[in-house]
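S.K.: Below is structure14.csv; it holds CSV, C-alpha atoms.
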```csv
chain,number,residue,atom,x,y,z
B,250,MET,CA,0.0,0.0,0.0
B,251,GLU,CA,1.5,3.3,-1.0
B,252,HIS,CA,2.2,5.9,1.6
B,253,VAL,CA,2.9,3.4,4.5
B,254,VAL,CA,6.1,4.0,6.3
B,255,LEU,CA,7.2,2.1,9.4
B,256,ILE,CA,9.5,3.9,11.8
B,257,ALA,CA,11.1,2.2,14.9
B,258,ALA,CA,14.2,1.9,17.0
B,259,ILE,CA,15.1,-1.8,17.5
B,260,GLY,CA,17.8,-3.6,19.5
B,261,GLU,CA,20.0,-6.5,18.3
B,262,ASN,CA,17.2,-9.0,18.9
B,263,LEU,CA,14.5,-6.7,17.4
B,264,GLU,CA,13.6,-5.4,20.9
B,265,LEU,CA,11.2,-2.4,20.8
B,266,GLY,CA,10.3,-1.8,24.4
B,267,LYS,CA,9.4,-3.0,27.9
B,268,LYS,CA,6.6,-2.2,30.2
B,269,ASN,CA,5.1,0.1,27.4
B,270,GLN,CA,8.2,2.3,27.4
B,271,LEU,CA,11.2,2.7,25.1
B,272,ILE,CA,14.2,0.8,26.2
B,273,TRP,CA,16.8,3.3,25.0
B,274,HIS,CA,16.4,7.1,25.2
B,275,LEU,CA,18.8,8.4,22.5
B,276,LYS,CA,18.6,12.2,21.9
B,277,ASP,CA,19.7,12.0,18.3
B,278,ASP,CA,17.3,9.2,17.6
B,279,LEU,CA,14.3,11.1,19.0
B,280,LYS,CA,15.4,14.1,16.8
B,281,PHE,CA,15.5,11.7,13.8
B,282,PHE,CA,12.0,10.5,14.6
B,283,LYS,CA,10.7,14.1,14.9
B,284,GLU,CA,12.3,15.1,11.6
B,285,LYS,CA,10.8,12.2,9.7
B,286,THR,CA,7.3,12.3,11.2
B,287,MET,CA,6.8,16.1,11.4
B,288,GLY,CA,3.9,17.2,9.2
B,289,HIS,CA,2.7,13.6,8.7
B,290,ASP,CA,0.0,11.4,10.1
B,291,ILE,CA,1.2,9.0,12.8
B,292,ILE,CA,-0.6,5.7,13.3
B,293,MET,CA,-0.3,3.7,16.5
B,294,GLY,CA,-2.1,1.3,18.7
B,295,TYR,CA,-3.7,2.2,22.0
B,296,GLN,CA,-0.7,1.2,24.2
B,297,THR,CA,1.7,3.3,22.1
B,298,PHE,CA,-0.7,6.3,22.3
B,299,CYS,CA,-0.8,5.9,26.1
B,300,SER,CA,3.0,5.8,26.3
B,301,LEU,CA,3.3,9.3,24.7
B,302,PRO,CA,4.0,12.1,27.2
B,303,LYS,CA,1.5,14.3,25.3
B,304,LEU,CA,0.2,14.7,21.7
B,305,LEU,CA,3.1,15.2,19.5
B,306,PRO,CA,3.0,18.7,17.9
B,307,GLY,CA,2.8,19.1,14.1
B,308,ARG,CA,1.4,15.6,13.5
B,309,LYS,CA,-2.1,14.1,13.2
B,310,HIS,CA,-2.6,11.1,15.6
B,311,ILE,CA,-4.5,8.1,14.4
B,312,VAL,CA,-5.1,5.4,17.1
B,313,LEU,CA,-6.1,1.8,16.2
B,314,THR,CA,-8.2,0.4,19.1
B,315,HIS,CA,-11.2,-1.7,19.9
B,316,ARG,CA,-11.9,0.4,23.0
B,317,ASN,CA,-14.7,2.9,23.1
B,318,ILE,CA,-13.2,5.6,25.2
B,319,ASN,CA,-12.8,9.4,24.8
B,320,PHE,CA,-9.6,10.6,23.2
B,321,PRO,CA,-8.3,14.1,23.2
B,322,GLU,CA,-9.7,16.4,20.6
B,323,GLY,CA,-8.1,16.0,17.2
B,324,VAL,CA,-7.2,12.3,17.6
B,325,ILE,CA,-8.7,10.1,14.9
B,326,VAL,CA,-9.8,6.6,16.2
B,327,CYS,CA,-10.0,3.6,13.9
B,328,HIS,CA,-11.6,0.5,15.3
B,329,SER,CA,-10.2,-2.0,12.7
B,330,LEU,CA,-7.3,-2.6,10.4
B,331,ASP,CA,-9.5,-2.2,7.4
B,332,GLU,CA,-10.5,1.3,8.7
B,333,VAL,CA,-6.8,2.2,9.1
B,334,LYS,CA,-6.0,1.0,5.6
B,335,ALA,CA,-9.0,2.9,4.2
B,336,TYR,CA,-7.8,6.1,6.0
B,337,ILE,CA,-4.2,5.7,4.6
B,338,LYS,CA,-5.6,5.1,1.1
B,339,SER,CA,-7.6,8.4,1.3
B,340,GLN,CA,-4.4,10.4,2.1
B,341,LYS,CA,-2.1,11.9,-0.5
B,342,LYS,CA,1.0,11.8,1.8
B,343,ASP,CA,3.0,9.3,3.8
B,344,CYS,CA,1.5,7.9,7.0
B,345,TYR,CA,3.9,6.7,9.6
B,346,ILE,CA,3.3,3.6,11.6
B,347,ILE,CA,5.0,4.3,15.0
B,348,GLY,CA,4.0,1.2,17.0
B,349,GLY,CA,3.3,-1.0,18.8
B,350,ALA,CA,4.5,-4.4,18.0
B,351,SER,CA,1.1,-5.8,16.8
B,352,VAL,CA,0.5,-2.7,14.5
B,353,TYR,CA,4.0,-3.1,13.0
B,354,ARG,CA,3.3,-6.8,12.4
B,355,GLU,CA,-0.1,-6.1,10.8
B,356,MET,CA,1.3,-3.3,8.5
B,357,LEU,CA,4.7,-4.8,7.6
B,358,ASP,CA,3.5,-6.3,4.3
B,359,ASP,CA,1.8,-3.0,3.3
B,360,CYS,CA,4.8,-0.8,3.8
B,361,GLU,CA,6.9,0.5,1.0
B,362,LYS,CA,9.5,2.1,3.3
B,363,MET,CA,10.9,1.7,6.8
B,364,TYR,CA,13.2,3.9,8.8
B,365,LEU,CA,14.8,1.7,11.4
B,366,THR,CA,17.3,2.7,14.1
B,367,LYS,CA,19.4,-0.4,14.7
B,368,ILE,CA,20.8,-0.2,18.2
B,369,GLU,CA,23.9,-2.2,19.0
B,370,ALA,CA,22.6,-3.3,22.3
B,371,SER,CA,20.0,-5.8,23.7
B,372,ASP,CA,17.7,-6.1,26.6
B,373,LYS,CA,16.6,-9.4,28.0
B,374,GLU,CA,13.7,-7.8,29.8
B,375,ALA,CA,12.1,-6.5,26.6
B,376,ASP,CA,8.5,-7.5,26.1
B,377,ALA,CA,7.7,-6.0,22.7
B,378,TYR,CA,9.5,-6.9,19.5
B,379,PHE,CA,9.6,-5.7,15.9
B,380,PRO,CA,8.4,-8.4,13.5
B,381,ASN,CA,11.0,-10.4,11.6
B,382,PHE,CA,11.2,-9.3,7.9
B,383,LEU,CA,13.1,-10.4,4.9
B,384,GLU,CA,15.8,-7.9,4.3
B,385,SER,CA,16.2,-9.3,0.8
B,386,GLU,CA,12.8,-7.7,-0.1
B,387,PHE,CA,14.3,-4.2,0.6
B,388,GLU,CA,17.1,-2.0,-0.6
B,389,MET,CA,18.9,-0.8,2.5
B,390,ARG,CA,20.8,2.5,2.9
B,391,THR,CA,22.7,3.8,5.9
B,392,LEU,CA,21.6,7.4,6.6
B,393,ALA,CA,23.8,8.1,9.7
B,394,GLU,CA,25.8,6.4,12.4
B,395,HIS,CA,25.8,7.6,16.0
B,396,GLN,CA,27.3,6.9,19.4
B,397,GLU,CA,25.5,8.2,22.5
B,398,ASN,CA,25.6,7.1,26.1
B,399,ASN,CA,28.2,4.4,25.1
B,400,ILE,CA,25.7,3.0,22.6
B,401,CYS,CA,26.3,2.8,18.9
B,402,TYR,CA,23.4,2.9,16.5
B,403,LYS,CA,22.6,3.5,12.9
B,404,HIS,CA,19.7,5.2,11.1
B,405,LEU,CA,18.7,2.9,8.2
B,406,GLU,CA,16.3,3.4,5.3
B,407,TYR,CA,14.7,0.3,3.8
B,408,VAL,CA,12.8,0.8,0.5
B,409,ARG,CA,10.8,-2.2,-0.7
B,410,LYS,CA,12.0,-3.6,-4.0
B,411,LYS,CA,9.4,-3.7,-6.8
B,412,ARG,CA,7.0,-6.6,-6.5
```
Would you encode the structure as structure tokens?
M.R.:
Amino acid sequence: MEHVVLIAAIGENLELGKKNQLIWHLKDDLKFFKEKTMGHDIIMGYQTFCSLPKLLPGRKHIVLTHRNINFPEGVIVCHSLDEVKAYIKSQKKDCYIIGGASVYREMLDDCEKMYLTKIEASDKEADAYFPNFLESEFEMRTLAEHQENNICYKHLEYVRKKR
């Protein structure tokens, strides 16, 4: 599906988070996330929405959930994956999938691009993981390499090869 971009920071074993929080807090990675998603729609599951400190400025928030609760003004709620896909199809710009693990898994086959921060570290207490994917289905390009808090990581762009 055109316009679907996944963005995530993952550890050596595809770790995403634990206890509904990021494992690593890397300033330059958060800056990268902001630069890539600013001005775009960000799509997330309910738990990811709850993990945000506040609504992220300059981005439209779309939450996939089966819950019938009140969300802050301006948040778009989709109650099914089909609803999310219909929303994306109606847009004329990239929509970024920002988590969580189940939303990444459901949208992986639909994405044309991924921005992954590969962190050279692991966490045995992680409880959320990015889905396995075939790297051979994508062209990969290193955008930047960083070291912060004694942790090395790379910003990578994966563009799906023509199907």
S.K.: Which polymer residues, protein or nucleic acid, are no farther than 12 Å from (27.9, 0.8, 21.9), counting all atoms listed in the file, as a list in words?
M.R.: Gly260, Glu261, Trp273, Leu275, Lys367, Ile368, Glu369, Ala370, Ser371, Glu394, His395, Gln396, Glu397, Asn398, Asn399, Ile400, Cys401, Tyr402 and Lys403 of chain B
S.K.: Could those selected residues go to a file with C-alpha atoms, as a PDB file, in the coordinates of the input?
M.R.:
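Output file selection.pdb is given in full below:
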```pdb
ATOM      1  CA  GLY B 260      17.800  -3.600  19.500  1.00  0.00           C
ATOM      2  CA  GLU B 261      20.000  -6.500  18.300  1.00  0.00           C
ATOM      3  CA  TRP B 273      16.800   3.300  25.000  1.00  0.00           C
ATOM      4  CA  LEU B 275      18.800   8.400  22.500  1.00  0.00           C
ATOM      5  CA  LYS B 367      19.400  -0.400  14.700  1.00  0.00           C
ATOM      6  CA  ILE B 368      20.800  -0.200  18.200  1.00  0.00           C
ATOM      7  CA  GLU B 369      23.900  -2.200  19.000  1.00  0.00           C
ATOM      8  CA  ALA B 370      22.600  -3.300  22.300  1.00  0.00           C
ATOM      9  CA  SER B 371      20.000  -5.800  23.700  1.00  0.00           C
ATOM     10  CA  GLU B 394      25.800   6.400  12.400  1.00  0.00           C
ATOM     11  CA  HIS B 395      25.800   7.600  16.000  1.00  0.00           C
ATOM     12  CA  GLN B 396      27.300   6.900  19.400  1.00  0.00           C
ATOM     13  CA  GLU B 397      25.500   8.200  22.500  1.00  0.00           C
ATOM     14  CA  ASN B 398      25.600   7.100  26.100  1.00  0.00           C
ATOM     15  CA  ASN B 399      28.200   4.400  25.100  1.00  0.00           C
ATOM     16  CA  ILE B 400      25.700   3.000  22.600  1.00  0.00           C
ATOM     17  CA  CYS B 401      26.300   2.800  18.900  1.00  0.00           C
ATOM     18  CA  TYR B 402      23.400   2.900  16.500  1.00  0.00           C
ATOM     19  CA  LYS B 403      22.600   3.500  12.900  1.00  0.00           C
TER      20      LYS B 403
END
```
S.K.: Hey, which of B:Val253, B:Leu271, B:Arg316, B:Glu374 ends up closest to Glu355 (chain B)? Count only C-alpha atoms.
M.R.: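 Selected residue with least distance to Glu355 (chain B): B:Val253.
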S.K.: Distance cut-off 12 Å, centre (1.4, 10.3, 24.5) in file coordinates, counting only C-alpha atoms: which residues qualify? Return them as a list in words.
M.R.: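 Protein, DNA and RNA residues close to (1.4, 10.3, 24.5): Asn269, Gln270, Ile291, Met293, Gly294, Tyr295, Gln296, Thr297, Phe298, Cys299, Ser300, Leu301, Pro302, Lys303, Leu304, Leu305, Pro306, His310, Ile311, Val312, Phe320, Pro321, Val324 and Ile347 of chain B.
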S.K.: Figure out the distance between CA of Ala377 (chain B) and CA of Asn262 (chain B), please, to one decimal in Å.
M.R.: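 For CA of Asn262 (chain B) relative to CA of Ala377 (chain B), the distance reads 10.7 Å.
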S.K.: Nearest to Val254 (chain B): which of B:Ile292, B:Cys344, B:Ala375, B:Ala350 is it, counting all atoms listed in the file?
M.R.: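 Selected residue with least distance to Val254 (chain B): B:Cys344.
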S.K.: Excluding Tyr364 (chain B) and any residue of its chain fewer than 3 positions from it, enumerate the residues within 9 Å of it, using all atoms listed in the file, and give them as a ChimeraX atom specification.
M.R.: /B:254-258,282,285,404-408
